[in-house]
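Pasting run_18.txt here (compact mmCIF, C-alpha atoms and all ligand atoms):
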# COMPACT_ATOMS: atom_id res chain seq x y z
CA MET A 41 51.18 -20.51 80.32
CA PHE A 42 51.05 -23.15 82.98
CA VAL A 43 54.08 -22.53 85.13
CA GLY A 44 52.05 -22.16 88.33
CA ASP A 45 50.68 -25.72 88.39
CA LYS A 46 54.05 -27.38 88.13
CA LEU A 47 56.11 -24.94 90.17
CA HIS A 48 55.15 -26.46 93.49
CA ASP A 49 56.17 -30.01 92.51
CA HIS A 50 59.35 -28.73 90.92
CA ASN A 51 60.42 -26.96 94.11
CA ALA A 52 59.31 -29.78 96.42
CA LEU A 53 61.55 -32.19 94.53
CA ARG A 54 64.57 -29.94 94.92
CA LEU A 55 64.00 -28.44 98.34
CA ALA A 56 66.11 -30.79 100.46
CA ALA A 57 69.19 -30.43 98.25
CA HIS A 58 68.73 -26.66 98.13
CA GLU A 59 68.45 -26.43 101.89
CA ARG A 60 71.69 -28.40 102.28
CA ARG A 61 73.55 -26.02 99.98
CA TYR A 62 72.01 -22.97 101.60
CA ALA A 63 72.92 -24.17 105.10
CA PHE A 64 76.46 -24.90 103.91
CA ILE A 65 77.11 -21.40 102.53
CA ASN A 66 75.66 -19.86 105.66
CA SER A 67 78.01 -21.93 107.79
CA GLU A 68 81.05 -21.07 105.64
CA VAL A 69 80.58 -17.45 104.64
CA ALA A 70 79.54 -14.34 106.57
CA ILE A 71 76.36 -13.47 104.67
CA PRO A 72 75.12 -9.92 105.31
CA SER A 73 71.72 -10.12 106.99
CA ASP A 74 70.00 -8.05 104.29
CA LEU A 75 71.54 -9.86 101.31
CA ILE A 76 68.51 -12.02 100.49
CA THR A 77 66.19 -9.01 100.76
CA LYS A 78 68.41 -7.04 98.40
CA LEU A 79 68.44 -9.90 95.91
CA LYS A 80 64.66 -10.15 96.13
CA ASP A 81 64.25 -6.44 95.43
CA PHE A 82 66.53 -6.49 92.42
CA GLN A 83 64.49 -6.73 89.21
CA ILE A 84 66.02 -6.81 85.74
CA ALA A 85 64.05 -5.50 82.78
CA ILE A 86 63.81 -7.57 79.61
CA PRO A 87 64.06 -5.85 76.22
CA SER A 88 61.13 -6.59 73.93
CA TRP A 89 63.54 -6.98 71.02
CA ALA A 90 65.45 -9.85 72.62
CA LEU A 91 62.56 -12.32 72.63
CA GLY A 92 63.08 -13.46 69.08
CA THR A 93 66.12 -14.92 67.41
CA GLY A 94 68.57 -12.24 66.46
CA GLY A 95 70.52 -12.21 63.27
CA THR A 96 73.69 -10.88 61.81
CA ARG A 97 74.02 -9.22 58.44
CA PHE A 98 74.71 -12.69 57.08
CA GLY A 99 71.46 -14.25 58.12
CA ARG A 100 68.98 -15.19 60.76
CA PHE A 101 68.05 -18.66 61.94
CA SER A 102 64.68 -18.47 63.62
CA GLY A 103 63.88 -21.06 66.24
CA GLY A 104 60.09 -21.00 66.08
CA GLY A 105 57.37 -19.89 68.45
CA GLU A 106 58.67 -16.33 68.49
CA PRO A 107 56.25 -13.64 69.69
CA ARG A 108 54.34 -12.19 66.74
CA ASN A 109 53.13 -9.04 68.44
CA LEU A 110 53.43 -6.97 71.59
CA GLU A 111 50.88 -9.08 73.45
CA GLU A 112 52.97 -12.20 72.87
CA LYS A 113 56.15 -10.39 73.87
CA ILE A 114 54.51 -9.46 77.15
CA ALA A 115 53.42 -13.08 77.57
CA ASP A 116 57.02 -14.22 77.06
CA VAL A 117 58.40 -11.83 79.68
CA GLY A 118 55.53 -12.86 81.96
CA LEU A 119 56.70 -16.45 81.53
CA LEU A 120 60.26 -15.56 82.50
CA HIS A 121 58.97 -13.65 85.49
CA ALA A 122 56.77 -16.56 86.59
CA LEU A 123 59.86 -18.78 86.53
CA ASN A 124 62.37 -16.49 88.24
CA GLN A 125 60.29 -13.67 89.82
CA THR A 126 63.18 -11.37 88.87
CA SER A 127 62.19 -10.13 85.41
CA GLY A 128 59.34 -7.88 86.45
CA ALA A 129 59.61 -5.28 83.70
CA ILE A 130 59.70 -5.00 79.93
CA SER A 131 61.43 -2.32 77.89
CA LEU A 132 59.75 -1.36 74.61
CA HIS A 133 61.28 -0.15 71.37
CA ILE A 134 59.20 2.24 69.28
CA PRO A 135 57.97 1.86 66.54
CA TRP A 136 58.59 -1.92 66.72
CA ASP A 137 56.25 -2.08 69.72
CA SER A 138 53.82 0.73 68.98
CA THR A 139 50.29 0.09 70.15
CA THR A 140 46.97 1.76 69.47
CA ASN A 141 45.51 0.43 72.69
CA PRO A 142 47.83 1.32 75.58
CA THR A 143 45.12 0.73 78.18
CA ALA A 144 44.72 -2.90 77.16
CA ILE A 145 48.50 -3.39 76.91
CA LYS A 146 49.01 -1.91 80.35
CA ALA A 147 46.33 -4.17 81.80
CA LEU A 148 47.85 -7.23 80.13
CA ALA A 149 51.29 -6.42 81.56
CA ALA A 150 49.79 -5.94 85.01
CA GLN A 151 48.18 -9.39 84.79
CA HIS A 152 51.70 -10.81 84.40
CA GLY A 153 53.04 -8.61 87.22
CA LEU A 154 55.09 -6.54 84.77
CA ALA A 155 55.92 -2.84 84.71
CA PHE A 156 57.19 -0.83 81.74
CA ASP A 157 60.83 0.10 81.96
CA ALA A 158 62.50 2.71 79.72
CA VAL A 159 61.01 3.26 76.27
CA ASN A 160 63.51 3.36 73.43
CA SER A 161 63.40 5.51 70.32
CA ASN A 162 64.60 4.37 66.93
CA THR A 163 66.19 6.86 64.57
CA PHE A 164 68.73 4.34 63.30
CA GLN A 165 66.37 2.81 60.75
CA ASP A 166 64.01 4.29 58.18
CA GLN A 167 60.38 3.28 58.55
CA ALA A 168 58.11 2.64 55.57
CA ASN A 169 55.91 5.67 56.16
CA GLN A 170 58.74 8.06 56.96
CA ALA A 171 59.23 11.29 54.98
CA LEU A 172 62.98 11.84 55.37
CA SER A 173 65.88 9.40 55.66
CA TYR A 174 68.29 8.83 58.54
CA LYS A 175 70.98 7.52 56.22
CA PHE A 176 73.28 10.40 57.23
CA GLY A 177 72.17 10.69 60.81
CA SER A 178 69.19 11.87 62.80
CA LEU A 179 69.74 14.33 65.66
CA GLN A 180 73.07 15.39 64.13
CA HIS A 181 71.78 15.72 60.56
CA VAL A 182 72.87 18.69 58.45
CA ASP A 183 69.25 19.20 57.37
CA ALA A 184 67.09 20.82 60.06
CA ALA A 185 64.00 19.05 58.69
CA VAL A 186 65.54 15.63 59.38
CA ARG A 187 66.52 16.71 62.88
CA LYS A 188 63.00 17.91 63.47
CA GLN A 189 61.52 14.62 62.33
CA ALA A 190 63.84 12.73 64.69
CA VAL A 191 63.00 15.04 67.61
CA GLN A 192 59.29 14.57 66.89
CA HIS A 193 59.72 10.81 66.90
CA ASN A 194 61.36 10.94 70.33
CA ILE A 195 58.53 13.10 71.65
CA GLU A 196 56.04 10.59 70.26
CA VAL A 197 57.94 7.81 72.07
CA ILE A 198 57.68 9.75 75.34
CA GLN A 199 53.95 10.10 74.76
CA GLN A 200 53.54 6.37 74.21
CA GLY A 201 55.62 5.74 77.32
CA ILE A 202 53.43 8.03 79.41
CA ASP A 203 50.36 6.06 78.33
CA LEU A 204 52.00 2.84 79.55
CA GLY A 205 53.37 4.18 82.82
CA SER A 206 57.03 4.21 81.82
CA LYS A 207 59.30 6.78 83.48
CA SER A 208 62.30 7.06 81.18
CA LEU A 209 63.40 7.46 77.60
CA THR A 210 66.56 5.79 76.33
CA VAL A 211 68.15 7.43 73.32
CA TRP A 212 70.71 5.49 71.36
CA LEU A 213 71.95 7.17 68.21
CA SER A 214 73.76 5.49 65.37
CA ASP A 215 74.73 8.99 64.15
CA GLY A 216 78.31 9.43 63.07
CA SER A 217 80.35 9.08 59.91
CA CYS A 218 81.95 6.32 57.89
CA PHE A 219 84.85 8.24 56.36
CA PRO A 220 87.31 10.94 57.38
CA GLY A 221 86.15 14.36 56.28
CA GLN A 222 82.50 13.36 56.01
CA LEU A 223 81.44 15.13 59.18
CA ASN A 224 82.30 18.32 60.99
CA PHE A 225 82.66 16.75 64.46
CA ARG A 226 82.07 19.98 66.32
CA LYS A 227 78.95 20.93 64.40
CA ALA A 228 77.57 17.39 64.56
CA TYR A 229 78.04 17.47 68.34
CA GLU A 230 76.33 20.88 68.64
CA ARG A 231 73.41 19.93 66.44
CA THR A 232 72.95 16.74 68.46
CA VAL A 233 72.92 18.65 71.75
CA ASP A 234 70.41 21.16 70.35
CA SER A 235 68.12 18.34 69.22
CA LEU A 236 68.48 16.57 72.56
CA LYS A 237 67.51 19.79 74.34
CA GLU A 238 64.23 19.82 72.45
CA ILE A 239 63.54 16.22 73.44
CA TYR A 240 64.54 16.93 77.03
CA ALA A 241 62.09 19.84 77.15
CA ALA A 242 59.26 17.40 76.37
CA LEU A 243 60.06 15.10 79.33
CA PRO A 244 57.47 15.02 82.12
CA GLY A 245 58.80 16.18 85.49
CA ASP A 246 59.18 12.67 86.90
CA TRP A 247 60.89 11.23 83.83
CA ASN A 248 64.59 10.69 83.07
CA LEU A 249 66.46 10.67 79.79
CA PHE A 250 69.23 8.12 79.32
CA LEU A 251 71.82 8.79 76.63
CA GLU A 252 73.54 5.61 75.52
CA TYR A 253 76.96 5.70 73.85
CA LYS A 254 78.58 3.24 71.49
CA ALA A 255 82.09 3.23 70.04
CA TYR A 256 81.30 2.16 66.47
CA GLU A 257 78.80 0.37 64.25
CA PRO A 258 76.88 1.07 62.08
CA ASN A 259 79.21 4.01 61.50
CA PHE A 260 82.80 2.90 61.25
CA TYR A 261 84.86 6.08 61.37
CA SER A 262 83.21 8.23 64.03
CA THR A 263 80.18 8.01 66.30
CA THR A 264 78.79 11.26 67.61
CA VAL A 265 77.92 9.81 71.01
CA GLY A 266 80.82 7.40 70.90
CA ASP A 267 82.02 7.07 74.46
CA TRP A 268 81.11 7.93 78.02
CA GLY A 269 82.89 11.30 77.83
CA GLN A 270 80.77 12.43 74.92
CA SER A 271 77.57 11.21 76.55
CA TYR A 272 78.55 12.69 79.91
CA SER A 273 79.31 16.12 78.46
CA MET A 274 75.99 16.10 76.63
CA VAL A 275 73.82 15.03 79.56
CA ASN A 276 75.49 17.70 81.66
CA LYS A 277 74.29 20.27 79.15
CA LEU A 278 70.73 18.94 79.31
CA GLY A 279 70.01 19.01 83.03
CA GLU A 280 69.43 16.97 86.13
CA LYS A 281 67.00 14.52 84.54
CA ALA A 282 69.57 13.42 81.95
CA PHE A 283 72.00 10.55 82.57
CA THR A 284 74.50 8.38 80.76
CA LEU A 285 73.54 4.79 80.05
CA VAL A 286 76.24 2.13 79.91
CA ASP A 287 75.79 -0.78 77.53
CA LEU A 288 78.55 -3.26 78.28
CA GLY A 289 79.11 -4.10 74.62
CA HIS A 290 79.61 -0.53 73.49
CA HIS A 291 83.26 -0.02 74.41
CA LEU A 292 86.49 -0.42 72.54
CA PRO A 293 88.29 -3.68 73.42
CA ASN A 294 89.76 -3.89 76.93
CA ALA A 295 88.13 -0.67 78.16
CA ASN A 296 88.02 -0.52 81.95
CA ILE A 297 84.24 -0.42 82.26
CA GLU A 298 84.26 -0.73 86.05
CA GLN A 299 86.27 2.49 86.31
CA ILE A 300 83.87 4.28 83.94
CA VAL A 301 80.96 3.12 86.08
CA SER A 302 82.63 4.23 89.27
CA LEU A 303 83.28 7.76 88.00
CA LEU A 304 79.88 8.24 86.39
CA LEU A 305 78.28 7.20 89.67
CA MET A 306 80.51 9.56 91.61
CA GLU A 307 79.43 12.41 89.32
CA GLY A 308 75.77 11.48 89.79
CA LYS A 309 75.35 10.89 86.07
CA LEU A 310 75.04 7.13 85.75
CA GLY A 311 71.46 6.38 84.75
CA GLY A 312 71.32 2.73 83.91
CA PHE A 313 72.69 -0.38 82.34
CA HIS A 314 72.32 -2.62 79.37
CA PHE A 315 73.82 -5.96 80.34
CA ASN A 316 75.30 -8.37 77.83
CA ASP A 317 78.70 -9.88 77.17
CA SER A 318 81.14 -9.84 74.32
CA LYS A 319 84.45 -11.12 73.09
CA TYR A 320 85.10 -8.69 70.25
CA GLY A 321 82.56 -5.94 69.68
CA ASP A 322 78.88 -5.32 70.37
CA ASP A 323 78.33 -9.07 70.38
CA ASP A 324 75.25 -8.95 72.64
CA LEU A 325 75.98 -12.37 74.14
CA THR A 326 74.54 -13.78 77.37
CA ALA A 327 75.57 -11.71 80.41
CA GLY A 328 78.46 -13.34 82.25
CA SER A 329 79.12 -15.90 79.52
CA ILE A 330 82.54 -14.60 78.46
CA LYS A 331 83.86 -12.31 81.21
CA PRO A 332 82.11 -13.11 84.48
CA TYR A 333 84.94 -11.54 86.49
CA GLN A 334 84.44 -8.23 84.71
CA LEU A 335 80.73 -8.39 85.47
CA PHE A 336 81.57 -8.95 89.13
CA LEU A 337 84.07 -6.05 89.14
CA ILE A 338 81.41 -3.78 87.64
CA PHE A 339 78.93 -4.79 90.35
CA ASN A 340 81.61 -4.29 92.94
CA GLU A 341 81.90 -0.64 91.83
CA LEU A 342 78.14 -0.28 91.57
CA VAL A 343 77.55 -1.48 95.12
CA ASP A 344 80.42 0.58 96.46
CA GLY A 345 79.41 3.74 94.59
CA MET A 346 75.70 3.43 95.34
CA ASP A 347 76.36 2.82 99.03
CA ALA A 348 78.65 5.86 99.14
CA LYS A 349 75.70 7.94 97.97
CA GLY A 350 73.05 6.15 100.03
CA MET A 351 71.27 5.02 96.87
CA ASN A 352 68.70 2.24 96.67
CA HIS A 353 70.33 -0.56 94.65
CA ALA A 354 67.08 -1.78 93.16
CA LYS A 355 65.40 1.47 92.28
CA ASP A 356 67.91 4.26 91.73
CA LEU A 357 69.44 2.96 88.50
CA GLY A 358 67.80 1.35 85.48
CA TRP A 359 68.76 -2.34 85.16
CA MET A 360 68.20 -3.92 81.81
CA ILE A 361 69.45 -6.64 79.55
CA ASP A 362 70.25 -5.78 75.94
CA ALA A 363 71.16 -8.95 74.14
CA SER A 364 70.65 -10.84 70.92
CA HIS A 365 70.50 -14.59 70.54
CA ASN A 366 71.65 -16.18 67.34
CA VAL A 367 72.02 -19.80 68.40
CA LYS A 368 70.22 -20.17 71.74
CA ASP A 369 66.55 -20.22 72.61
CA PRO A 370 65.97 -16.53 73.48
CA LEU A 371 64.02 -17.34 76.63
CA GLU A 372 66.66 -19.75 77.92
CA ASP A 373 69.36 -17.20 77.14
CA LEU A 374 67.49 -14.53 79.10
CA LEU A 375 67.09 -16.87 82.08
CA GLN A 376 70.85 -17.40 82.02
CA SER A 377 71.54 -13.66 81.79
CA VAL A 378 69.26 -12.78 84.68
CA GLU A 379 70.89 -15.41 86.87
CA ALA A 380 74.41 -14.29 85.92
CA ILE A 381 73.55 -10.69 86.83
CA GLN A 382 72.11 -11.75 90.16
CA MET A 383 75.18 -13.84 90.93
CA ALA A 384 77.53 -10.94 90.19
CA TYR A 385 75.39 -8.71 92.39
CA ALA A 386 75.36 -11.27 95.22
CA GLN A 387 79.14 -11.68 95.01
CA ALA A 388 79.60 -7.90 95.12
CA LEU A 389 77.47 -7.82 98.27
CA LEU A 390 79.86 -10.34 99.85
CA VAL A 391 82.97 -8.17 99.44
CA ASP A 392 84.46 -7.27 102.80
CA ARG A 393 84.64 -3.52 102.19
CA THR A 394 86.16 -2.61 105.53
CA ALA A 395 89.02 -5.05 105.00
CA LEU A 396 89.41 -3.90 101.39
CA GLU A 397 89.72 -0.27 102.41
CA ALA A 398 92.25 -1.15 105.11
CA ALA A 399 94.30 -3.17 102.61
CA ARG A 400 94.20 -0.28 100.14
CA ASN A 401 95.36 2.16 102.76
CA ALA A 402 98.21 -0.17 103.64
CA ASN A 403 99.09 -0.57 99.94
CA ASP A 404 98.65 -4.29 100.43
CA VAL A 405 97.96 -5.13 96.82
CA VAL A 406 97.97 -8.87 97.43
CA ALA A 407 95.33 -8.59 100.14
CA CYS A 408 93.18 -6.39 97.88
CA GLN A 409 93.15 -9.08 95.22
CA GLU A 410 92.49 -11.83 97.77
CA ILE A 411 89.51 -9.96 99.20
CA LEU A 412 87.89 -9.40 95.81
CA GLN A 413 88.56 -12.89 94.56
CA THR A 414 87.33 -14.51 97.75
CA ALA A 415 83.95 -12.96 97.03
CA PHE A 416 84.10 -13.75 93.31
CA ARG A 417 84.98 -17.40 93.92
CA THR A 418 82.12 -17.97 96.32
CA ASP A 419 79.42 -20.20 94.84
CA VAL A 420 76.42 -17.95 95.44
CA ARG A 421 73.90 -19.96 93.44
CA SER A 422 72.07 -21.13 96.54
CA LEU A 423 71.70 -17.52 97.72
CA VAL A 424 70.14 -16.52 94.43
CA ALA A 425 67.92 -19.62 94.52
CA GLN A 426 66.82 -18.80 98.07
CA ALA A 427 65.76 -15.30 96.97
CA ARG A 428 63.79 -16.81 94.09
CA LEU A 429 62.18 -19.35 96.40
CA GLU A 430 61.06 -16.69 98.85
CA LEU A 431 59.57 -14.70 95.97
CA GLY A 432 57.60 -17.72 94.76
CA GLY A 433 59.83 -18.55 91.79
CA ALA A 434 61.43 -21.81 90.72
CA LEU A 435 64.53 -23.24 92.37
CA ASP A 436 65.83 -24.09 88.91
CA PRO A 437 64.03 -21.95 86.31
CA MET A 438 65.87 -23.46 83.37
CA ALA A 439 65.01 -27.03 84.37
CA LEU A 440 61.36 -26.08 84.82
CA PHE A 441 61.31 -24.29 81.45
CA ARG A 442 62.59 -27.48 79.82
CA ASP A 443 60.47 -29.91 81.84
CA LEU A 444 57.36 -28.00 80.88
CA GLY A 445 58.32 -28.11 77.20
CA ILE A 446 57.53 -24.43 76.97
CA ARG A 447 59.21 -23.82 73.63
CA ASN A 448 57.25 -26.65 72.01
CA GLN A 449 54.03 -25.24 73.39
CA LEU A 450 54.91 -21.84 71.96
CA ILE A 451 55.67 -23.38 68.58
CA GLN A 452 52.31 -25.15 68.63
CA GLN A 453 50.49 -21.95 69.55
CA ARG A 454 52.34 -19.53 67.31
CA GLY A 455 53.87 -21.64 64.58
CA ALA A 456 57.34 -22.75 63.63
CA LYS A 457 58.01 -19.89 61.27
CA THR A 458 57.24 -16.80 63.31
CA GLN A 459 59.60 -13.85 63.42
CA ALA A 460 59.58 -11.22 66.14
CA THR A 461 60.06 -7.56 65.27
CA GLY A 462 63.46 -6.19 66.11
CA LEU A 463 66.91 -6.33 64.57
C1 LIG A 501 71.93 -0.76 69.88
C2 LIG A 501 71.84 -0.25 71.30
C3 LIG A 501 70.45 0.08 71.75
C4 LIG A 501 69.41 -0.82 71.19
C5 LIG A 501 69.62 -1.16 69.76
C6 LIG A 501 68.60 -2.16 69.25
O1 LIG A 501 73.17 -1.35 69.63
O2 LIG A 501 72.43 -1.18 72.17
O3 LIG A 501 70.36 0.07 73.14
O4 LIG A 501 68.25 -0.06 71.29
O5 LIG A 501 70.90 -1.67 69.58
MN MN A 502 71.93 -1.06 74.32
MN MN A 503 74.16 -2.59 71.45
Is it possible to express this structure as structure tokens?
Ligand code: RM4
Ligand code: MN
Ligand code: MN
Amino acid sequence: MFVGDKLHDHNALRLAAHERRYAFINSEVAIPSDLITKLKDFQIAIPSWALGTGGTRFGRFSGGGEPRNLEEKIADVGLLHALNQTSGAISLHIPWDSTTNPTAIKALAAQHGLAFDAVNSNTFQDQANQALSYKFGSLQHVDAAVRKQAVQHNIEVIQQGIDLGSKSLTVWLSDGSCFPGQLNFRKAYERTVDSLKEIYAALPGDWNLFLEYKAYEPNFYSTTVGDWGQSYSMVNKLGEKAFTLVDLGHHLPNANIEQIVSLLLMEGKLGGFHFNDSKYGDDDLTAGSIKPYQLFLIFNELVDGMDAKGMNHAKDLGWMIDASHNVKDPLEDLLQSVEAIQMAYAQALLVDRTALEAARNANDVVACQEILQTAFRTDVRSLVAQARLELGGALDPMALFRDLGIRNQLIQQRGAKTQATGL
């Protein structure tokens, strides 16, 4: 689409006001000299399944102009990236995004400046052409033939990922049980590990496997990879290319996610993130829309833990959004999420870590809180905008998206009644 033509005028109109705000924060706050570079390096992958309107089990209210195929999904992420220059990768879900022409798909993505992030397998749904059912689980299944089918699917996903230049496989399992007594926990765990070992053996040398956990849903009594402890113990059994993936919505209420993140990082087993926000369960709402302070505290631990290990913030973990949009325009929602993530990251980079450590060592609890909240309460929007500007993005991506009437153009091109593949 035609972002390029209008981007220049859009930025020109806003430049003076931006420069005022940027000068102000630089005069008020000690900004680390590499902060803008770090923000510019930080790319957040967009999930292919979040480009259409999501639904609940009660219904789905499509907004129109949704991508009808993988090519249009890539075009949508390309559009986001043209606006914010921070969404430079797409994560595919197989079989929803299977392609018979990976070369063409790879070339199309490259035209939009996009790379392929982790590929995701799906053994939580039955497909039309599938021999055996996952109703009672996949990698944990009591029937070896079902386990084999699920392992084969994951290997097929790796193959498709190799063709596209992806470097990681994310496994999320809905396996578990709905009623007490239904499952032998120990055997389900062991069968799952055995199946995962077969998948792990098929990983190319430069690939990683991310094992995502989730407390409940669709199983409501037990989930076999239900929390970070279960995932962590499994990835430890697999090997050094296996890591735990944290999806923010996959915890029981009030879990201290920042502490989980800190310890997984310390153990060298944190692989990546699925960002979203929630009030109750796996609500998949816009990142930072409900608990922005929690998002900041998580980034505070990420920055601290990555620095302690000399890790590259941008490249050494997988950064991804995993969200679903029931009432918002999916593209607008994703723009909001990306910006919220960048703001939390920028705020975490502003934390005075020397002072924080000194306050901790003096047991000065009040000072500890002041130091964190000083960073959190800093309006970092002009820092994030400056990074975008230097990358060639829009000063206000949302305003440009609306001014260009992008959704209407998409509806005209694709129709008002399209429905993207996904949940
Ligand atoms: C799950 C989980 C996975 C995603 C699916 C669609 O709840 O978050 O990451 O692949 O949803
Ligand atoms: Mn997820
Ligand atoms: Mn989820």
Discussion item. For a quick check of understanding, using only C-alpha atoms, which of A:Arg417, A:Arg393, A:His121, A:Lys113 has the smallest distance to Asp137 of chain A?
Written reply: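 Smallest distance to Asp137 of chain A is found for A:Lys113.
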Worksheet item: Which residues, protein or nucleic acid, reach to within 12 Å of (72.2, -18.8, 77.5) in the file's coordinates when using only C-alpha atoms, and can you give that as a list in words?
Response: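 Selection result: Asn316, Asp317, Asp324, Leu325, Thr326, Ala327, Gly328, Ser329, Ile330, Ala363, Ser364, His365, Asn366, Val367, Lys368, Asp369, Pro370, Leu371, Glu372, Asp373, Leu374, Leu375, Gln376, Ser377, Val378, Glu379, Ala380 and Met438 of chain A.
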So that all listed atoms of segment 187-206 of chain A fit with 8 Å spare on each side, what axis-aligned box centre and edge lengths in Å, to one decimal, would you give as lines of an AutoDock Vina configuration file?
center_x = 58.4
center_y = 10.4
center_z = 72.6
size_x = 32.2
size_y = 31.1
size_z = 36.5
Fill in: For Gly350 of chain A: contacts at 12 Å, only C-alpha atoms, fewer than 5 positions along chain excluded, given as an NGL selection string
:A and (305-306 or 308 or 342-345 or 355-356)
Worksheet item: For ligand MN 503 (chain A), which residue among A:Ile145, A:Ala57, A:Ala255, A:Leu412 is the nearest when counting all atoms listed in the file?
Response: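 Distance minimum relative to ligand MN 503 (chain A) lands on A:Ala255.
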With 10 Å as the cut-off and only C-alpha atoms and all ligand atoms counted, what is the closest atom pair between each nearby residue of chain A and ligand MN 502 (chain A)? Distances in Å to one decimal, ordered by chain and number, as CSV.
residue,atom,partner,partner_atom,distance
A:Pro87,CA,A:MN502,MN,9.4
A:Asn160,CA,A:MN502,MN,9.6
A:Thr210,CA,A:MN502,MN,8.9
A:Val211,CA,A:MN502,MN,9.3
A:Trp212,CA,A:MN502,MN,7.3
A:Glu252,CA,A:MN502,MN,7.0
A:Tyr253,CA,A:MN502,MN,8.4
A:Lys254,CA,A:MN502,MN,8.4
A:Leu285,CA,A:MN502,MN,8.3
A:Val286,CA,A:MN502,MN,7.7
A:Asp287,CA,A:MN502,MN,5.0
A:Leu288,CA,A:MN502,MN,8.0
A:Gly289,CA,A:MN502,MN,7.8
A:His290,CA,A:MN502,MN,7.7
A:Phe313,CA,A:MN502,MN,8.1
A:His314,CA,A:MN502,MN,5.3
A:Phe315,CA,A:MN502,MN,8.0
A:Asn316,CA,A:MN502,MN,8.8
A:Asp322,CA,A:MN502,MN,9.1
A:Asp324,CA,A:MN502,MN,8.7
A:Met360,CA,A:MN502,MN,8.8
A:Ile361,CA,A:MN502,MN,8.0
A:Asp362,CA,A:MN502,MN,5.3
A:Ala363,CA,A:MN502,MN,7.9
Keeping only C-alpha atoms, take the residues you just selected and write them out as a short mmCIF file (atom, residue, chain, number, x, y, z; two decimals), in the frame of the given file.
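Saved result, again_3.cif, follows:
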data_model
loop_
_atom_site.label_atom_id
_atom_site.label_comp_id
_atom_site.auth_asym_id
_atom_site.auth_seq_id
_atom_site.Cartn_x
_atom_site.Cartn_y
_atom_site.Cartn_z
CA PRO A 87 64.06 -5.85 76.22
CA ASN A 160 63.51 3.36 73.43
CA THR A 210 66.56 5.79 76.33
CA VAL A 211 68.15 7.43 73.32
CA TRP A 212 70.71 5.49 71.36
CA GLU A 252 73.54 5.61 75.52
CA TYR A 253 76.96 5.70 73.85
CA LYS A 254 78.58 3.24 71.49
CA LEU A 285 73.54 4.79 80.05
CA VAL A 286 76.24 2.13 79.91
CA ASP A 287 75.79 -0.78 77.53
CA LEU A 288 78.55 -3.26 78.28
CA GLY A 289 79.11 -4.10 74.62
CA HIS A 290 79.61 -0.53 73.49
CA PHE A 313 72.69 -0.38 82.34
CA HIS A 314 72.32 -2.62 79.37
CA PHE A 315 73.82 -5.96 80.34
CA ASN A 316 75.30 -8.37 77.83
CA ASP A 322 78.88 -5.32 70.37
CA ASP A 324 75.25 -8.95 72.64
CA MET A 360 68.20 -3.92 81.81
CA ILE A 361 69.45 -6.64 79.55
CA ASP A 362 70.25 -5.78 75.94
CA ALA A 363 71.16 -8.95 74.14
#
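Closest approach to ligand LIG 501 (chain A) from the set A:Glu257, A:Glu112, A:Asp74, A:Asp157 is made by A:Glu257, with distances taken over all atoms listed in the file.
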Fill in: A:Ser131, A:Thr139, A:Ser208, A:Asn340 ranked by distance to ligand LIG 501 (chain A), top pick (using only C-alpha atoms and all ligand atoms)
A:Ser131
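Between atom CA of Gln382 of chain A and atom CA of Ala415 of chain A the separation is 13.7 Å.
Here atom CA of Lys349 of chain A stands at a distance of 19.4 Å from atom CA of Leu79 of chain A.
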Item to complete: Counting all atoms listed in the file, figure out which residue out of A:Gly432, A:Gly216, A:Gly269, A:Pro72 gets nearest to Ala388 of chain A.
Response: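 Among the listed residues, A:Pro72 lies closest to Ala388 of chain A.
Each of A:Leu119, A:Ala241, A:Ala171, A:Leu463 was checked against ligand MN 503 (chain A) using only C-alpha atoms and all ligand atoms; the smallest atom-to-atom distance is that of A:Leu463.
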Item to complete: Kindly give the distance, in Å, that separates atom CA of Leu204 of chain A and atom CA of Thr458 of chain A, rounded to a single decimal.
Response: 26.0 Å
Item to complete: Would you list the residues near (91.3, -9.4, 77.9) (no more than 9 Å away, in the coordinates of the file, using only C-alpha atoms) as a PyMOL selection string?
Response: chain A and resi 293-294+319+331
Worksheet item: Asp234 of chain A: which residues within 12 Å, counting all atoms listed in the file, same-chain residues fewer than 6 positions away excluded, as a list of chain:residue names?
Response: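 My list of contacting residues is A:Leu179, A:Gln180, A:His181, A:Ala184, A:Arg187, A:Lys188, A:Val191, A:Lys227, A:Ala228, A:Tyr240, A:Ala241, A:Met274, A:Val275, A:Lys277, A:Leu278.
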